[in-house]
Amino acid sequence: MTDLSCDLGFMKLANPVIAASGTFGYGIEMEPFLNLEALGAYIVKGLYLRPRPGNPPPRLAETPAGLINSIGLQGVGVEAFVASVLPRLRKYRTPLIVNVCGETEEEYAAVIEFLDKEDGIAAYELNISCPNIKKNGLCPALSPEATFKVVSSARKVSRRPVITKLSPNVTDIVTIALAAEEAGSDAVSLVNTFLAMVVDVDSRRPVLRNIFGGLSGPAIKPIALRMVFQVSRRLKIPVIGCGGIMTGRDALEFILAGARAVEVGTANLVDPQATLRIIKEIEEYCHSRGIERVSELIGSLILD
Amino acid sequence: MTDLSCDLGFMKLANPVIAASGTFGYGIEMEPFLNLEALGAYIVKGLYLRPRPGNPPPRLAETPAGLINSIGLQGVGVEAFVASVLPRLRKYRTPLIVNVCGETEEEYAAVIEFLDKEDGIAAYELNISCPNIKKNGLCPALSPEATFKVVSSARKVSRRPVITKLSPNVTDIVTIALAAEEAGSDAVSLVNTFLAMVVDVDSRRPVLRNIFGGLSGPAIKPIALRMVFQVSRRLKIPVIGCGGIMTGRDALEFILAGARAVEVGTANLVDPQATLRIIKEIEEYCHSRGIERVSELIGSLILD
Amino acid sequence: MSLIERNGRVVAHEAWGEYHLLGIRAPAIAKIARPGQFLMLQVNSSGFPLLRRPISVHHCEDDRVEVFFKVVGTGTVLLAAKRPGDKIDLIGPLGKGFTIPGQPAAAPVVLVGGGRGIAPLRFLAHELKAKGHLPIIFYGGKTKQDLPLTAYLQPEGFELFLATEDGGLGFHGLITELLEREIPRLKPSRLYVCGPEGMMRRLAQLNQRWSIPAEFSLEAKMGCGFGVCYGCVWLIRHGVAAEWTRICQEGPVFPGEVIIWEAQA
Amino acid sequence: MSLIERNGRVVAHEAWGEYHLLGIRAPAIAKIARPGQFLMLQVNSSGFPLLRRPISVHHCEDDRVEVFFKVVGTGTVLLAAKRPGDKIDLIGPLGKGFTIPGQPAAAPVVLVGGGRGIAPLRFLAHELKAKGHLPIIFYGGKTKQDLPLTAYLQPEGFELFLATEDGGLGFHGLITELLEREIPRLKPSRLYVCGPEGMMRRLAQLNQRWSIPAEFSLEAKMGCGFGVCYGCVWLIRHGVAAEWTRICQEGPVFPGEVIIWEAQA
Ligand SMILES: Cc1cc2nc3c(=O)[nH]c(=O)nc-3n(C[C@H](O)[C@H](O)[C@H](O)COP(=O)(O)OP(=O)(O)OC[C@H]3O[C@@H](n4cnc5c(N)ncnc54)[C@H](O)[C@@H]3O)c2cc1C
Ligand SMILES: Cc1cc2nc3c(=O)[nH]c(=O)nc-3n(C[C@H](O)[C@H](O)[C@H](O)COP(=O)(O)OP(=O)(O)OC[C@H]3O[C@@H](n4cnc5c(N)ncnc54)[C@H](O)[C@@H]3O)c2cc1C
Ligand SMILES: Cc1cc2nc3c(=O)[nH]c(=O)nc-3n(C[C@H](O)[C@H](O)[C@H](O)COP(=O)(O)O)c2cc1C
Ligand SMILES: Cc1cc2nc3c(=O)[nH]c(=O)nc-3n(C[C@H](O)[C@H](O)[C@H](O)COP(=O)(O)O)c2cc1C
Ligand code: FES
Ligand code: FES
């Protein structure tokens, strides 16, 4: 039996596989397909203080080995979440992470203050990197200063660990990750989606009503992996890798490159049991090589 | 008969399809497979002032719908190019564009001054965006200042049009494109490759000896297209689109988004006649829709 | 309740030009599927294309579900290449189907299928009949090549109204024109509609005059099919308010009065 | 001169476990291919995987080229799924093959194939024989499952030395150990080698003692196969200097003395 446990310092997980925000609904929708107890942790859909309508459709476009979405963070808002969702999730021992969104620094803090009153939440993931809200994909994660401000104000109010989710749409992701660390973030997760678009040459229109959306899936994996490698060599806090992970081998690439845990996103849409399969494949990899603890692999990439 | 001609202002092309640098050798290697006269233009492999050994292998890794390369601009240098390659290319009427590389501002200028003495070259493409040379993919195209400096010094010495090739590994590609325009660039081409990596979980090593390489192919198309759309709405000079173009429909997406011409790269490796097929497919698209001039389509994307 | 069938097996394949009918062995799904529900089919094993494809349950018999589809792109091309014996991974049944009133009315019920939109209606027609309703099927397309299922629906004894835009079979014109003529005469107690968006819109328009209780089966590009991605929304009335609503969860079938057609691109 | 055959057709398929032999109808290529040259095969039509796969010319007969390959990943899995009648797009012949001396020597020539490395050697053996040379084939693998081509090479009357690491067939040990024993006795005038990098390195080492003129067929991941991407390099001596050299253009076959083995990862 391989020891799959994963220590994020502020939080211990049964295994390093986390369901990524926005691809796992509010968790409840996945109950027909898997036992949430089997996961390392799961992150629910991005939540703002108030309900949000989201963007008009079409919201999805498929690309080679990728998916572009412009959902626009449609969501029920924290109150409805606490009233009707959270009670149904409390029965699970698996750590629940809430993906926190905001238009302003204050809104992030307000969402956290509201949720801090409730139990049954293990940590917050600050979504400062969604490309689907402002024009041209603007978001705090594009600048170290904005990142520092949002993270430190969130960090001040929160009684729970804060994970900062970074954007790949930047020149120098290390500087931004360092800003999050400096601001007191307990961990960083990367990457969110790449700002992208597709054109329908028949209608001569953008496929997405919103013109731009966020690219995810296997197509982005090599870029996400490079960023995780760069960031994990410079930060002291844990790095959670994300981007195009479909298999256990994909997850292991991120772990070898320095990630302590991984988030699985788009794969959940293709196969609602993808996370379970990935956990199994990681275990098989370790078992067949006599690796007793998956944690031994973290950042163990051989460079010469 | 559709009019496929493409007017870049400083240069007229028979059609908008250009073979991208590094995927077409020095042109000569493609002679067994296609008549260079059929192309809009072709860009030879990046040239430095002196010969370059390039990076140690493995230099290639295949990814979902993508290819990562770390060739490291192995090349014969300008002297050998002028002595043994250029004479064999002069017989073609198709515009030959030389992809110009340099470690320093001065080297770019020196390469241009050397080549300016020769005829049979139509324009220069400044490769300020190769991620395979310096550590962490550093290159001038990552900053507006560095871009401005390299381009203006090249522009000063050159008696020929200068196209600046931009990097996608940036937070704000519009600002960098504007810097190139301000520096006197006659056009911009985008995108070059995305800094990326792959890990071999069996050997626990990076697949590429160089660790990082540049990602190209269909995987990057939606991001490249978004950047071309953003840039072409802000610049006065022509924009040449590039990134994952495999078919005529792909090329048309870039043209509708604002590109005057397109560069085809990785597709040449998969099918040495890809450029010919793409030209044919563009023509068929126009013909079947009664579009007389492909130029009518440039930037004609319908937004509402 | 939705299930994942990893070992679905193609047991039958029939083709009429671009239209295909696949029989897939998937006992657990076949047992519980209802008319109007759909499946998410993994069209390939190589990981390309990335997403599953939503396809309606066309029919159920013992341990087999049947799907009827038209080839329109990459995914349906791969699906059309499936042969008996091939494996297929599918999720279903998904979504909420058509409602079948408990009490049969004296008046008939009318089913309207445009092109591939006929897919969910054959199953529905059989269920309605079994419950004592009198289903009448309107089936339209561009040419007679678009009406391959007449080959089943006729022998199965359903009252059929056919329409083709080129007049090659049945009424010469749009299915909606034929309905305009026939509905006032048939005075159906219900309408069940599935087809191209334009056709459904037009019918919703006409029905403002008739105001017959009507249900429409909607389509959108789907990321998951089981409610987690929020990619498949239509603007739907919930009481006074209108919300972007996941058709994979609350649909794909909706009563006409709650659908806000104008909101769709 | 290389050609693109868009309409290559699979005309034969034979399989032994992970090893497969495909006959492909490609007249123009079959006419000019030489031993040691290779083809770039488009393993799929869906665009996945992206790149073609390099495979040696295993044999040529009239209008057909044959390839012999081992399934190791995505591309070879798809290739192994090809059946007679399937279409395949291929480019070839590519690269520089083995050199066949005009004047046959009295001494034999030895061909060494490790596992799938046997692929280019059958064609070579036939050509050598036709030119009056005396080819002796050393064929090694882990188990006897790795030596399927004995089924052809034996009846074709070639002198064969077999080796398996588990002793299941022929010499019990590494092919290089068998060569160590036999070469001094056979005193061949030439060596032709294709196989795993480790095996070839070891043989190059041994040959420093024997110093027999030897040619090795090298492998690298290939982006194009026709010299434009510079992805397939090995460090090769050119006189005094050493250069990263495209094996798809100047190789894949090189004389042992110019190959700098240490440079490879
Ligand atoms: C709930 C539901 C049930 C369906 N049932 C059936 C059925 O029983 N039979 C059938 O033939 N089709 C059905 N469809 C439509 C079917 O899902 C699409 O035709 C299919 O996904 C196209 O995939 P593709 O890869 O072949 O085409 P793509 O390459 O994905 O696209 C080809 C063309 O089809 C359009 N398209 C893609 N996806 C959809 C979609 N989901 N809806 C409408 N247009 C689309 C694209 O815009 C493009 O123009 C259903 C759709 C939904 C949402
Ligand atoms: C000139 C040349 C001739 C060849 N001739 C033959 C032949 O006749 N028969 C045969 O079975 N194989 C031959 N090969 C090797 C063959 O090209 C690879 O096995 C094949 O490309 C693997 O593709 P894949 O998609 O199945 O595996 P991938 O999924 O691409 O890779 C699977 C595994 O194989 C390794 N691999 C991938 N490509 C290569 C490569 N080019 N060389 C070595 N290892 C590789 C990868 O590192 C990985 O470990 C030849 C290679 C070259 C360069
Ligand atoms: C449909 C969809 C919705 C998403 N919504 C969110 C979200 O609400 N908050 C967030 O931080 N990331 C969101 N993401 C990004 C994913 O969590 C993940 O970072 C990204 O998709 C890359 O991982 P992947 O390639 O495994 O999907 C969403 C992604 C998709 C595809
Ligand atoms: C093997 C390879 C070598 C390349 N060499 C160069 C180069 O020398 N100079 C350059 O400006 N771009 C180079 N590129 C980038 C391409 O020109 C092109 O910008 C990039 O690949 C994106 O286009 P694509 O997706 O169509 O390949 C190279 C790309 C590849 C795949
Ligand atoms: S398709 Fe994902 S929510 Fe409906
Ligand atoms: S494979 Fe491209 S140069 Fe050899």
# chains A, B, ... in the order shown; residues from 1 in each chain; ligands from 1
$ interface_residues --of "chain B" --to "chain A" --cutoff "7 Å" --atoms "only C-alpha atoms" --output "mmCIF file with all heavy atoms, in the first residue's frame"
data_model
loop_
_atom_site.group_PDB
_atom_site.id
_atom_site.type_symbol
_atom_site.label_atom_id
_atom_site.label_comp_id
_atom_site.auth_asym_id
_atom_site.auth_seq_id
_atom_site.Cartn_x
_atom_site.Cartn_y
_atom_site.Cartn_z
ATOM 1 N N PRO B 64 -0.274 16.971 -26.607
ATOM 2 C CA PRO B 64 -1.590 16.911 -27.244
ATOM 3 C C PRO B 64 -1.819 18.090 -28.193
ATOM 4 O O PRO B 64 -1.808 19.241 -27.768
ATOM 5 C CB PRO B 64 -2.558 16.957 -26.054
ATOM 6 C CG PRO B 64 -1.783 16.358 -24.928
ATOM 7 C CD PRO B 64 -0.369 16.848 -25.136
ATOM 8 N N ALA B 65 -1.958 17.781 -29.475
ATOM 9 C CA ALA B 65 -2.147 18.791 -30.520
ATOM 10 C C ALA B 65 -1.019 19.828 -30.560
ATOM 11 O O ALA B 65 -1.206 20.930 -31.068
ATOM 12 C CB ALA B 65 -3.502 19.492 -30.378
ATOM 13 N N LEU B 142 9.733 40.392 -24.620
ATOM 14 C CA LEU B 142 9.004 40.335 -23.353
ATOM 15 C C LEU B 142 8.829 41.723 -22.742
ATOM 16 O O LEU B 142 8.065 41.891 -21.793
ATOM 17 C CB LEU B 142 9.716 39.418 -22.351
ATOM 18 C CG LEU B 142 9.881 37.954 -22.759
ATOM 19 C CD1 LEU B 142 10.401 37.142 -21.595
ATOM 20 C CD2 LEU B 142 8.582 37.368 -23.283
ATOM 21 N N ASN B 169 4.410 35.080 -24.807
ATOM 22 C CA ASN B 169 4.645 34.863 -23.376
ATOM 23 C C ASN B 169 4.628 36.162 -22.592
ATOM 24 O O ASN B 169 5.547 36.434 -21.807
ATOM 25 C CB ASN B 169 5.986 34.136 -23.182
ATOM 26 C CG ASN B 169 6.011 32.807 -23.900
ATOM 27 O OD1 ASN B 169 5.154 31.961 -23.687
ATOM 28 N ND2 ASN B 169 6.970 32.641 -24.794
ATOM 29 N N VAL B 170 3.609 36.966 -22.821
ATOM 30 C CA VAL B 170 3.550 38.290 -22.199
ATOM 31 C C VAL B 170 2.156 38.589 -21.650
ATOM 32 O O VAL B 170 1.168 38.016 -22.103
ATOM 33 C CB VAL B 170 3.923 39.394 -23.211
ATOM 34 C CG1 VAL B 170 5.359 39.229 -23.679
ATOM 35 C CG2 VAL B 170 2.969 39.380 -24.401
ATOM 36 N N THR B 171 2.120 39.519 -20.696
ATOM 37 C CA THR B 171 0.849 39.911 -20.082
ATOM 38 C C THR B 171 0.034 40.773 -21.041
ATOM 39 O O THR B 171 -1.172 40.628 -21.131
ATOM 40 C CB THR B 171 1.122 40.726 -18.798
ATOM 41 O OG1 THR B 171 2.045 39.990 -17.999
ATOM 42 C CG2 THR B 171 -0.162 40.965 -18.026
ATOM 43 N N PHE B 194 5.240 29.278 -27.358
ATOM 44 C CA PHE B 194 4.984 29.446 -25.923
ATOM 45 C C PHE B 194 6.011 28.651 -25.134
ATOM 46 O O PHE B 194 6.229 27.468 -25.421
ATOM 47 C CB PHE B 194 3.598 28.915 -25.555
ATOM 48 C CG PHE B 194 2.455 29.761 -26.030
ATOM 49 C CD1 PHE B 194 2.083 29.774 -27.369
ATOM 50 C CD2 PHE B 194 1.746 30.556 -25.150
ATOM 51 C CE1 PHE B 194 1.021 30.550 -27.812
ATOM 52 C CE2 PHE B 194 0.683 31.334 -25.574
ATOM 53 C CZ PHE B 194 0.321 31.345 -26.908
ATOM 54 N N LEU B 195 6.605 29.275 -24.129
ATOM 55 C CA LEU B 195 7.586 28.574 -23.294
ATOM 56 C C LEU B 195 6.884 27.435 -22.549
ATOM 57 O O LEU B 195 5.871 27.651 -21.876
ATOM 58 C CB LEU B 195 8.217 29.550 -22.304
ATOM 59 C CG LEU B 195 9.450 29.039 -21.555
ATOM 60 C CD1 LEU B 195 10.595 28.763 -22.516
ATOM 61 C CD2 LEU B 195 9.878 30.033 -20.487
ATOM 62 N N ALA B 196 7.407 26.227 -22.708
ATOM 63 C CA ALA B 196 6.713 25.047 -22.186
ATOM 64 C C ALA B 196 7.699 23.943 -21.842
ATOM 65 O O ALA B 196 8.887 24.034 -22.170
ATOM 66 C CB ALA B 196 5.724 24.544 -23.244
ATOM 67 N N MET B 197 7.213 22.910 -21.166
ATOM 68 C CA MET B 197 8.063 21.765 -20.849
ATOM 69 C C MET B 197 7.225 20.488 -20.719
ATOM 70 O O MET B 197 6.002 20.554 -20.547
ATOM 71 C CB MET B 197 8.869 22.000 -19.565
ATOM 72 C CG MET B 197 8.115 21.798 -18.275
ATOM 73 S SD MET B 197 9.128 22.182 -16.796
ATOM 74 C CE MET B 197 10.040 20.653 -16.594
ATOM 75 N N VAL B 198 7.892 19.350 -20.835
ATOM 76 C CA VAL B 198 7.260 18.053 -20.609
ATOM 77 C C VAL B 198 8.210 17.220 -19.766
ATOM 78 O O VAL B 198 9.428 17.351 -19.875
ATOM 79 C CB VAL B 198 6.997 17.285 -21.919
ATOM 80 C CG1 VAL B 198 6.082 16.101 -21.656
ATOM 81 C CG2 VAL B 198 6.411 18.180 -22.973
ATOM 82 N N VAL B 199 7.628 16.375 -18.899
ATOM 83 C CA VAL B 199 8.426 15.503 -18.043
ATOM 84 C C VAL B 199 8.184 14.045 -18.442
ATOM 85 O O VAL B 199 7.055 13.654 -18.729
ATOM 86 C CB VAL B 199 8.044 15.727 -16.560
ATOM 87 C CG1 VAL B 199 8.588 14.606 -15.676
ATOM 88 C CG2 VAL B 199 8.543 17.086 -16.078
ATOM 89 N N VAL B 201 7.895 10.707 -16.967
ATOM 90 C CA VAL B 201 7.724 10.195 -15.605
ATOM 91 C C VAL B 201 8.445 8.866 -15.395
ATOM 92 O O VAL B 201 8.645 8.448 -14.256
ATOM 93 C CB VAL B 201 6.226 10.059 -15.209
ATOM 94 C CG1 VAL B 201 5.552 11.418 -15.217
ATOM 95 C CG2 VAL B 201 5.512 9.082 -16.102
ATOM 96 N N ARG B 204 11.982 10.227 -14.945
ATOM 97 C CA ARG B 204 11.892 11.336 -13.979
ATOM 98 C C ARG B 204 12.733 12.534 -14.410
ATOM 99 O O ARG B 204 13.205 13.308 -13.588
ATOM 100 C CB ARG B 204 12.339 10.884 -12.583
ATOM 101 C CG ARG B 204 11.384 9.902 -11.945
ATOM 102 C CD ARG B 204 11.414 10.094 -10.432
ATOM 103 N NE ARG B 204 11.247 8.834 -9.734
ATOM 104 C CZ ARG B 204 11.493 8.672 -8.437
ATOM 105 N NH1 ARG B 204 11.971 9.674 -7.713
ATOM 106 N NH2 ARG B 204 11.295 7.526 -7.872
ATOM 107 N N ARG B 205 12.916 12.662 -15.709
ATOM 108 C CA ARG B 205 13.681 13.790 -16.249
ATOM 109 C C ARG B 205 12.803 14.621 -17.183
ATOM 110 O O ARG B 205 11.815 14.118 -17.703
ATOM 111 C CB ARG B 205 14.863 13.271 -17.064
ATOM 112 C CG ARG B 205 15.980 12.676 -16.280
ATOM 113 C CD ARG B 205 17.144 12.359 -17.226
ATOM 114 N NE ARG B 205 18.413 12.442 -16.520
ATOM 115 C CZ ARG B 205 18.878 11.505 -15.712
ATOM 116 N NH1 ARG B 205 18.168 10.414 -15.504
ATOM 117 N NH2 ARG B 205 20.041 11.654 -15.112
ATOM 118 N N PRO B 218 -1.611 23.190 -33.292
ATOM 119 C CA PRO B 218 -3.036 23.487 -33.074
ATOM 120 C C PRO B 218 -3.375 23.843 -31.625
ATOM 121 O O PRO B 218 -4.283 24.643 -31.384
ATOM 122 C CB PRO B 218 -3.728 22.181 -33.473
ATOM 123 C CG PRO B 218 -2.805 21.529 -34.440
ATOM 124 C CD PRO B 218 -1.416 21.918 -34.021
ATOM 125 N N ALA B 219 -2.643 23.279 -30.681
ATOM 126 C CA ALA B 219 -2.934 23.542 -29.268
ATOM 127 C C ALA B 219 -2.942 25.032 -28.950
ATOM 128 O O ALA B 219 -3.741 25.497 -28.141
ATOM 129 C CB ALA B 219 -1.903 22.830 -28.384
ATOM 130 N N PRO B 222 -5.983 28.945 -30.380
ATOM 131 C CA PRO B 222 -6.982 29.863 -29.805
ATOM 132 C C PRO B 222 -6.357 31.046 -29.055
ATOM 133 O O PRO B 222 -6.940 32.123 -29.009
ATOM 134 C CB PRO B 222 -7.769 28.973 -28.842
ATOM 135 C CG PRO B 222 -7.501 27.565 -29.279
ATOM 136 C CD PRO B 222 -6.123 27.576 -29.851
ATOM 137 N N ILE B 223 -5.171 30.841 -28.490
ATOM 138 C CA ILE B 223 -4.508 31.935 -27.762
ATOM 139 C C ILE B 223 -3.872 32.881 -28.776
ATOM 140 O O ILE B 223 -3.999 34.106 -28.669
ATOM 141 C CB ILE B 223 -3.438 31.394 -26.787
ATOM 142 C CG1 ILE B 223 -3.965 30.195 -25.997
ATOM 143 C CG2 ILE B 223 -2.974 32.508 -25.850
ATOM 144 C CD1 ILE B 223 -2.914 29.548 -25.088
ATOM 145 N N LEU B 225 -4.790 33.374 -31.823
ATOM 146 C CA LEU B 225 -5.861 34.086 -32.526
ATOM 147 C C LEU B 225 -6.356 35.264 -31.686
ATOM 148 O O LEU B 225 -6.553 36.373 -32.197
ATOM 149 C CB LEU B 225 -7.012 33.120 -32.812
ATOM 150 C CG LEU B 225 -8.197 33.667 -33.589
ATOM 151 C CD1 LEU B 225 -7.790 34.100 -34.999
ATOM 152 C CD2 LEU B 225 -9.316 32.630 -33.666
ATOM 153 N N ARG B 226 -6.527 35.038 -30.407
ATOM 154 C CA ARG B 226 -6.950 36.116 -29.504
ATOM 155 C C ARG B 226 -5.951 37.278 -29.555
ATOM 156 O O ARG B 226 -6.332 38.445 -29.638
ATOM 157 C CB ARG B 226 -7.061 35.567 -28.081
ATOM 158 C CG ARG B 226 -7.510 36.573 -27.039
ATOM 159 C CD ARG B 226 -6.364 37.236 -26.289
ATOM 160 N NE ARG B 226 -5.558 36.289 -25.526
ATOM 161 C CZ ARG B 226 -4.505 36.635 -24.811
ATOM 162 N NH1 ARG B 226 -4.101 37.901 -24.770
ATOM 163 N NH2 ARG B 226 -3.800 35.720 -24.174
ATOM 164 N N ARG B 249 -9.378 26.968 -43.227
ATOM 165 C CA ARG B 249 -10.313 27.551 -42.258
ATOM 166 C C ARG B 249 -9.569 28.172 -41.087
ATOM 167 O O ARG B 249 -9.936 29.249 -40.605
ATOM 168 C CB ARG B 249 -11.322 26.507 -41.789
ATOM 169 C CG ARG B 249 -12.280 26.069 -42.879
ATOM 170 C CD ARG B 249 -13.211 24.960 -42.419
ATOM 171 N NE ARG B 249 -14.227 25.420 -41.486
ATOM 172 C CZ ARG B 249 -15.430 25.865 -41.851
ATOM 173 N NH1 ARG B 249 -15.744 25.951 -43.129
ATOM 174 N NH2 ARG B 249 -16.303 26.231 -40.949
ATOM 175 N N LEU B 252 -8.253 31.424 -42.281
ATOM 176 C CA LEU B 252 -9.344 32.399 -42.418
ATOM 177 C C LEU B 252 -9.774 32.957 -41.062
ATOM 178 O O LEU B 252 -10.164 34.123 -40.964
ATOM 179 C CB LEU B 252 -10.520 31.761 -43.152
ATOM 180 C CG LEU B 252 -10.265 31.590 -44.653
ATOM 181 C CD1 LEU B 252 -11.120 30.475 -45.237
ATOM 182 C CD2 LEU B 252 -10.498 32.905 -45.394
ATOM 183 N N GLU B 253 -9.677 32.151 -40.009
ATOM 184 C CA GLU B 253 -9.989 32.676 -38.674
ATOM 185 C C GLU B 253 -9.083 33.867 -38.354
ATOM 186 O O GLU B 253 -9.537 34.898 -37.851
ATOM 187 C CB GLU B 253 -9.796 31.590 -37.607
ATOM 188 C CG GLU B 253 -10.875 30.541 -37.562
ATOM 189 C CD GLU B 253 -10.759 29.673 -36.315
ATOM 190 O OE1 GLU B 253 -10.886 30.215 -35.197
ATOM 191 O OE2 GLU B 253 -10.518 28.452 -36.458
ATOM 192 N N LEU B 301 -14.556 40.389 -39.184
ATOM 193 C CA LEU B 301 -15.273 39.637 -38.153
ATOM 194 C C LEU B 301 -16.490 40.444 -37.692
ATOM 195 O O LEU B 301 -16.380 41.641 -37.429
ATOM 196 C CB LEU B 301 -14.338 39.393 -36.966
ATOM 197 C CG LEU B 301 -14.803 38.389 -35.908
ATOM 198 C CD1 LEU B 301 -14.885 36.992 -36.493
ATOM 199 C CD2 LEU B 301 -13.828 38.403 -34.733
ATOM 200 N N ILE B 302 -17.640 39.798 -37.639
ATOM 201 C CA ILE B 302 -18.865 40.477 -37.220
ATOM 202 C C ILE B 302 -18.985 40.424 -35.703
ATOM 203 O O ILE B 302 -19.001 39.358 -35.109
ATOM 204 C CB ILE B 302 -20.117 39.821 -37.858
ATOM 205 C CG1 ILE B 302 -19.990 39.795 -39.386
ATOM 206 C CG2 ILE B 302 -21.381 40.552 -37.425
ATOM 207 C CD1 ILE B 302 -20.975 38.877 -40.073
ATOM 208 N N LEU B 303 -19.039 41.601 -35.091
ATOM 209 C CA LEU B 303 -19.191 41.679 -33.634
ATOM 210 C C LEU B 303 -20.476 42.424 -33.343
ATOM 211 O O LEU B 303 -20.758 43.447 -33.959
ATOM 212 C CB LEU B 303 -18.011 42.432 -33.016
ATOM 213 C CG LEU B 303 -16.613 41.931 -33.388
ATOM 214 C CD1 LEU B 303 -15.568 42.910 -32.901
ATOM 215 C CD2 LEU B 303 -16.372 40.560 -32.809
#
$ select_by_dssp --residues "range 118-230 of chain B" --states "helix (DSSP H, G or I)" --output "ChimeraX atom specification"
/B:135-137,140-142,144-157,173-182,218-230
$ residues_around --residues "range 238-250 of chain C" --least-positions-apart "2" --cutoff "9 Å" --atoms "only C-alpha atoms" --output "PyMOL selection string"
(chain A and resi 53-57+74) or (chain C and resi 38+94-96+218-220+222+224-227+229-236+252-254+258+260)
$ atom_distance --atom1 "CA of Leu169 in chain D" --atom2 "CA of Arg122 in chain D"
19.4 Å
$ interface_residues --of "chain B" --to "chain D" --cutoff "6 Å" --atoms "only C-alpha atoms" --output "PyMOL selection string"
chain B and resi 23-25+59-60+65+269-270
$ write_last_selection --atoms "all heavy atoms" --output "compact mmCIF listing (two decimals), in the first residue's frame"
# COMPACT_ATOMS: atom_id res chain seq x y z
N THR B 23 10.52 26.13 -39.81
CA THR B 23 9.72 24.96 -40.18
C THR B 23 9.80 24.72 -41.69
O THR B 23 9.06 23.91 -42.24
CB THR B 23 8.24 25.16 -39.81
OG1 THR B 23 7.73 26.26 -40.57
CG2 THR B 23 8.10 25.46 -38.34
N PHE B 24 10.70 25.46 -42.33
CA PHE B 24 10.80 25.40 -43.79
C PHE B 24 12.26 25.34 -44.20
O PHE B 24 12.61 25.55 -45.36
CB PHE B 24 10.12 26.66 -44.36
CG PHE B 24 9.51 26.48 -45.72
CD1 PHE B 24 8.36 25.73 -45.89
CD2 PHE B 24 10.06 27.10 -46.83
CE1 PHE B 24 7.77 25.59 -47.14
CE2 PHE B 24 9.48 26.96 -48.10
CZ PHE B 24 8.33 26.20 -48.24
N GLY B 25 13.12 25.07 -43.21
CA GLY B 25 14.56 25.00 -43.48
C GLY B 25 15.04 26.28 -44.13
O GLY B 25 14.64 27.38 -43.75
N ARG B 59 15.61 17.46 -28.66
CA ARG B 59 15.16 18.81 -28.98
C ARG B 59 13.66 18.91 -29.22
O ARG B 59 13.15 20.02 -29.41
CB ARG B 59 15.87 19.28 -30.26
CG ARG B 59 17.35 19.54 -30.12
CD ARG B 59 17.91 19.95 -31.47
NE ARG B 59 19.28 20.41 -31.37
CZ ARG B 59 19.96 20.91 -32.42
NH1 ARG B 59 19.36 20.98 -33.61
NH2 ARG B 59 21.20 21.32 -32.28
N LEU B 60 13.00 17.78 -29.30
CA LEU B 60 11.57 17.77 -29.63
C LEU B 60 10.77 16.96 -28.63
O LEU B 60 11.25 15.94 -28.12
CB LEU B 60 11.34 17.15 -31.01
CG LEU B 60 11.95 17.83 -32.22
CD1 LEU B 60 11.68 16.97 -33.46
CD2 LEU B 60 11.40 19.23 -32.40
N ALA B 65 -1.96 17.78 -29.47
CA ALA B 65 -2.15 18.79 -30.52
C ALA B 65 -1.02 19.83 -30.56
O ALA B 65 -1.21 20.93 -31.07
CB ALA B 65 -3.50 19.49 -30.38
N LEU B 269 5.77 20.57 -41.16
CA LEU B 269 6.49 19.37 -40.72
C LEU B 269 5.62 18.14 -40.91
O LEU B 269 6.10 17.07 -41.29
CB LEU B 269 6.88 19.49 -39.24
CG LEU B 269 7.57 20.77 -38.79
CD1 LEU B 269 7.96 20.67 -37.32
CD2 LEU B 269 8.79 21.06 -39.65
N VAL B 270 4.33 18.31 -40.67
CA VAL B 270 3.39 17.20 -40.78
C VAL B 270 3.12 16.89 -42.25
O VAL B 270 2.99 15.74 -42.65
CB VAL B 270 2.08 17.55 -40.05
CG1 VAL B 270 1.08 16.43 -40.18
CG2 VAL B 270 2.35 17.88 -38.59
$ atom_distance --atom1 "CA of Pro161 in chain B" --atom2 "CA of Val82 in chain B"
18.7 Å
$ select_by_dssp --residues "range 11-49 of chain C" --states "strand (DSSP E)" --output "list in words"
Val11, Ala12, His13, Glu14, Ala15, Trp16, Tyr19, His20, Leu21, Leu22, Gly23, Ile24, Arg25, Phe38, Leu39, Met40 and Leu41 of chain C
